[in-house]
Amino acid sequence: MKYAKAAVGAVALATVLISSTTWAQDVRSASAISSTASADWSMEVVAEGLDYPWEIQQTGGRILITEAAGDVVSIEGARMVHHPVETSDPIARVGGGGLLGMALSKDFESSGTAYFYHTYQADGGLSNKVIEARFDGTSWKETRTLLMVFPDIVSITEVALRSVRMAICM
């Protein structure tokens with residue numbers, strides 16, 4: 001079992017190293033942003049009262065935000081709706097865990113498919129996994145597990161999620 005855990009970690013790390021060149025940002029856009037003044041920016045509050053918002057995505061005219069407790073908040077215009085994420089292992093909102101990362105599939109508008117990273121209870125401790133889920137208009141339902149991350153390699157879980165996000169979005 002110890003070797004299986006190490007193998008999962010090695011695969012995740014290898015994926016990160018292979019994909020890392022695609023993470024580089026365009027330096028030209030960074031310098032353009034850094035040369036703007038605060039007067040060039042405006043701020044508008046679009047949601048209040050969120051439970052530890054973690055990930056934000058925009059699709060069409062909607063903003064989607066994950067809440068660590070297990071909902072995805074959809075904001076369209078002035079309307080804010082909470083949609084639960086139904087998972088095979090209940091989301092564990094413990095410490096810094098919960099429903100964390102989200103990546104929308106390329107065909108999200110037609111398929112309603114997204115990928116989530118969440119914490120759950122396993123074998124008396126906390127673990128994390130990446131799942132695929134589909135939005136049916138009222139809730140998100142898990143369709144399959146893509147990656148299970150064992151407790152002793154939790155430190156690379158965010159890296160693993162980014163690897164999955166890159167693979168899905170390419």
# chains A, B, ... in the order shown; residues from 1 in each chain; ligands from 1
call {"tool": "residues_around", "arguments": {"residues": "Thr87 (chain A)", "least_positions_apart": "5", "cutoff": "10 Å", "atoms": "only C-alpha atoms", "output": "mmCIF file with N, CA, C and O atoms, in the first residue's frame"}}
result
data_model
loop_
_atom_site.group_PDB
_atom_site.id
_atom_site.type_symbol
_atom_site.label_atom_id
_atom_site.label_comp_id
_atom_site.auth_asym_id
_atom_site.auth_seq_id
_atom_site.Cartn_x
_atom_site.Cartn_y
_atom_site.Cartn_z
ATOM 1 N N GLY A 70 -19.858 22.806 0.694
ATOM 2 C CA GLY A 70 -20.340 21.834 -0.281
ATOM 3 C C GLY A 70 -21.326 22.333 -1.312
ATOM 4 O O GLY A 70 -21.912 21.534 -2.022
ATOM 5 N N HIS A 118 -12.400 17.778 -3.478
ATOM 6 C CA HIS A 118 -13.002 17.931 -2.156
ATOM 7 C C HIS A 118 -12.396 16.992 -1.122
ATOM 8 O O HIS A 118 -11.785 15.984 -1.454
ATOM 9 N N TYR A 120 -12.928 14.480 2.235
ATOM 10 C CA TYR A 120 -13.929 13.556 2.771
ATOM 11 C C TYR A 120 -13.281 12.711 3.863
ATOM 12 O O TYR A 120 -12.059 12.661 3.982
ATOM 13 N N ILE A 131 -13.281 14.694 -8.521
ATOM 14 C CA ILE A 131 -14.429 14.001 -9.095
ATOM 15 C C ILE A 131 -14.953 14.747 -10.321
ATOM 16 O O ILE A 131 -14.684 15.932 -10.502
ATOM 17 N N GLU A 132 -15.697 14.025 -11.135
ATOM 18 C CA GLU A 132 -16.447 14.626 -12.235
ATOM 19 C C GLU A 132 -17.888 14.703 -11.755
ATOM 20 O O GLU A 132 -18.380 13.782 -11.108
ATOM 21 N N ALA A 133 -18.563 15.795 -12.062
ATOM 22 C CA ALA A 133 -19.967 15.953 -11.679
ATOM 23 C C ALA A 133 -20.710 16.662 -12.799
ATOM 24 O O ALA A 133 -20.118 17.388 -13.603
ATOM 25 N N TRP A 140 -25.594 19.465 -8.384
ATOM 26 C CA TRP A 140 -24.474 18.807 -9.038
ATOM 27 C C TRP A 140 -24.444 17.378 -8.536
ATOM 28 O O TRP A 140 -24.509 17.146 -7.334
ATOM 29 N N LYS A 141 -24.298 16.414 -9.431
ATOM 30 C CA LYS A 141 -24.257 15.007 -9.049
ATOM 31 C C LYS A 141 -22.956 14.381 -9.554
ATOM 32 O O LYS A 141 -22.642 14.473 -10.739
ATOM 33 N N GLU A 142 -22.228 13.746 -8.618
ATOM 34 C CA GLU A 142 -20.985 13.076 -8.981
ATOM 35 C C GLU A 142 -21.267 11.972 -9.992
ATOM 36 O O GLU A 142 -22.191 11.187 -9.824
ATOM 37 N N THR A 143 -20.460 11.914 -11.048
ATOM 38 C CA THR A 143 -20.596 10.862 -12.052
ATOM 39 C C THR A 143 -19.452 9.862 -11.991
ATOM 40 O O THR A 143 -19.615 8.715 -12.387
ATOM 41 N N ARG A 144 -18.277 10.314 -11.496
ATOM 42 C CA ARG A 144 -17.158 9.381 -11.319
ATOM 43 C C ARG A 144 -16.031 10.048 -10.543
ATOM 44 O O ARG A 144 -15.944 11.275 -10.477
ATOM 45 N N THR A 145 -15.180 9.193 -9.976
ATOM 46 C CA THR A 145 -13.983 9.655 -9.271
ATOM 47 C C THR A 145 -12.816 9.592 -10.247
ATOM 48 O O THR A 145 -12.609 8.579 -10.904
#
call {"tool": "residues_around", "arguments": {"residues": "region 90-106 of chain A", "least_positions_apart": "5", "cutoff": "7 Å", "atoms": "only C-alpha atoms", "output": "ChimeraX atom specification"}}
result
/A:54-55,66-70,113-121,165,168-169
call {"tool": "residues_around", "arguments": {"residues": "Val73 (chain A)", "least_positions_apart": "2", "cutoff": "10 Å", "atoms": "only C-alpha atoms", "output": "list in words"}}
result
Ala47, Leu50, Asp51, Pro53, Ile56, Arg62, Ile63, Leu64, Ile65, Thr66, Glu67, Gly70, Asp71, Ile75, Glu76, Met80, Val81, His82, His83 and Pro84 of chain A
call {"tool": "atom_distance", "arguments": {"atom1": "CA of Glu44 (chain A)", "atom2": "CA of Glu109 (chain A)"}}
result
25.5 Å
call {"tool": "atom_distance", "arguments": {"atom1": "CA of Asp107 (chain A)", "atom2": "CA of Val45 (chain A)"}}
result
28.6 Å
call {"tool": "select_by_dssp", "arguments": {"residues": "region 17-160 of chain A", "states": "helix (DSSP H, G or I)", "output": "ChimeraX atom specification"}}
result
/A:17-23,27-34,38-40,108-111,151-160
call {"tool": "decode", "arguments": {"residues": "region 65-107 of chain A", "atoms": "C-alpha atoms", "output": "mmCIF file, in the first residue's frame"}}
result
data_model
loop_
_atom_site.group_PDB
_atom_site.id
_atom_site.type_symbol
_atom_site.label_atom_id
_atom_site.label_comp_id
_atom_site.auth_asym_id
_atom_site.auth_seq_id
_atom_site.Cartn_x
_atom_site.Cartn_y
_atom_site.Cartn_z
ATOM 1 C CA ILE A 65 -18.250 29.955 -6.789
ATOM 2 C CA THR A 66 -17.502 26.914 -4.629
ATOM 3 C CA GLU A 67 -18.247 27.137 -0.918
ATOM 4 C CA ALA A 68 -16.185 24.895 1.355
ATOM 5 C CA ALA A 69 -19.358 23.517 3.004
ATOM 6 C CA GLY A 70 -20.340 21.834 -0.281
ATOM 7 C CA ASP A 71 -22.404 24.168 -2.445
ATOM 8 C CA VAL A 72 -21.709 25.865 -5.741
ATOM 9 C CA VAL A 73 -23.165 29.361 -5.772
ATOM 10 C CA SER A 74 -24.443 30.557 -9.128
ATOM 11 C CA ILE A 75 -24.677 34.318 -9.642
ATOM 12 C CA GLU A 76 -26.478 35.684 -12.662
ATOM 13 C CA GLY A 77 -27.385 39.350 -12.634
ATOM 14 C CA ALA A 78 -28.718 40.102 -9.142
ATOM 15 C CA ARG A 79 -29.828 36.495 -8.524
ATOM 16 C CA MET A 80 -27.736 34.236 -6.290
ATOM 17 C CA VAL A 81 -28.633 30.523 -5.962
ATOM 18 C CA HIS A 82 -26.936 27.794 -3.889
ATOM 19 C CA HIS A 83 -26.688 24.387 -5.590
ATOM 20 C CA PRO A 84 -25.523 21.379 -3.509
ATOM 21 C CA VAL A 85 -22.810 19.050 -4.775
ATOM 22 C CA GLU A 86 -23.937 15.451 -4.202
ATOM 23 C CA THR A 87 -20.934 13.161 -3.786
ATOM 24 C CA SER A 88 -20.402 9.442 -3.136
ATOM 25 C CA ASP A 89 -18.384 10.349 -0.021
ATOM 26 C CA PRO A 90 -19.890 13.296 1.888
ATOM 27 C CA ILE A 91 -17.841 16.499 1.738
ATOM 28 C CA ALA A 92 -16.018 17.044 5.040
ATOM 29 C CA ARG A 93 -15.845 20.715 6.026
ATOM 30 C CA VAL A 94 -13.009 20.309 8.526
ATOM 31 C CA GLY A 95 -10.230 22.845 9.058
ATOM 32 C CA GLY A 96 -9.126 24.044 5.628
ATOM 33 C CA GLY A 97 -10.920 21.165 3.900
ATOM 34 C CA GLY A 98 -14.250 20.948 2.144
ATOM 35 C CA LEU A 99 -15.348 21.642 -1.419
ATOM 36 C CA LEU A 100 -12.328 23.404 -2.817
ATOM 37 C CA GLY A 101 -11.302 23.410 -6.468
ATOM 38 C CA MET A 102 -13.521 23.481 -9.551
ATOM 39 C CA ALA A 103 -12.742 23.308 -13.269
ATOM 40 C CA LEU A 104 -15.432 23.522 -15.936
ATOM 41 C CA SER A 105 -15.158 21.197 -18.927
ATOM 42 C CA LYS A 106 -14.572 22.733 -22.346
ATOM 43 C CA ASP A 107 -18.148 21.854 -23.304
#
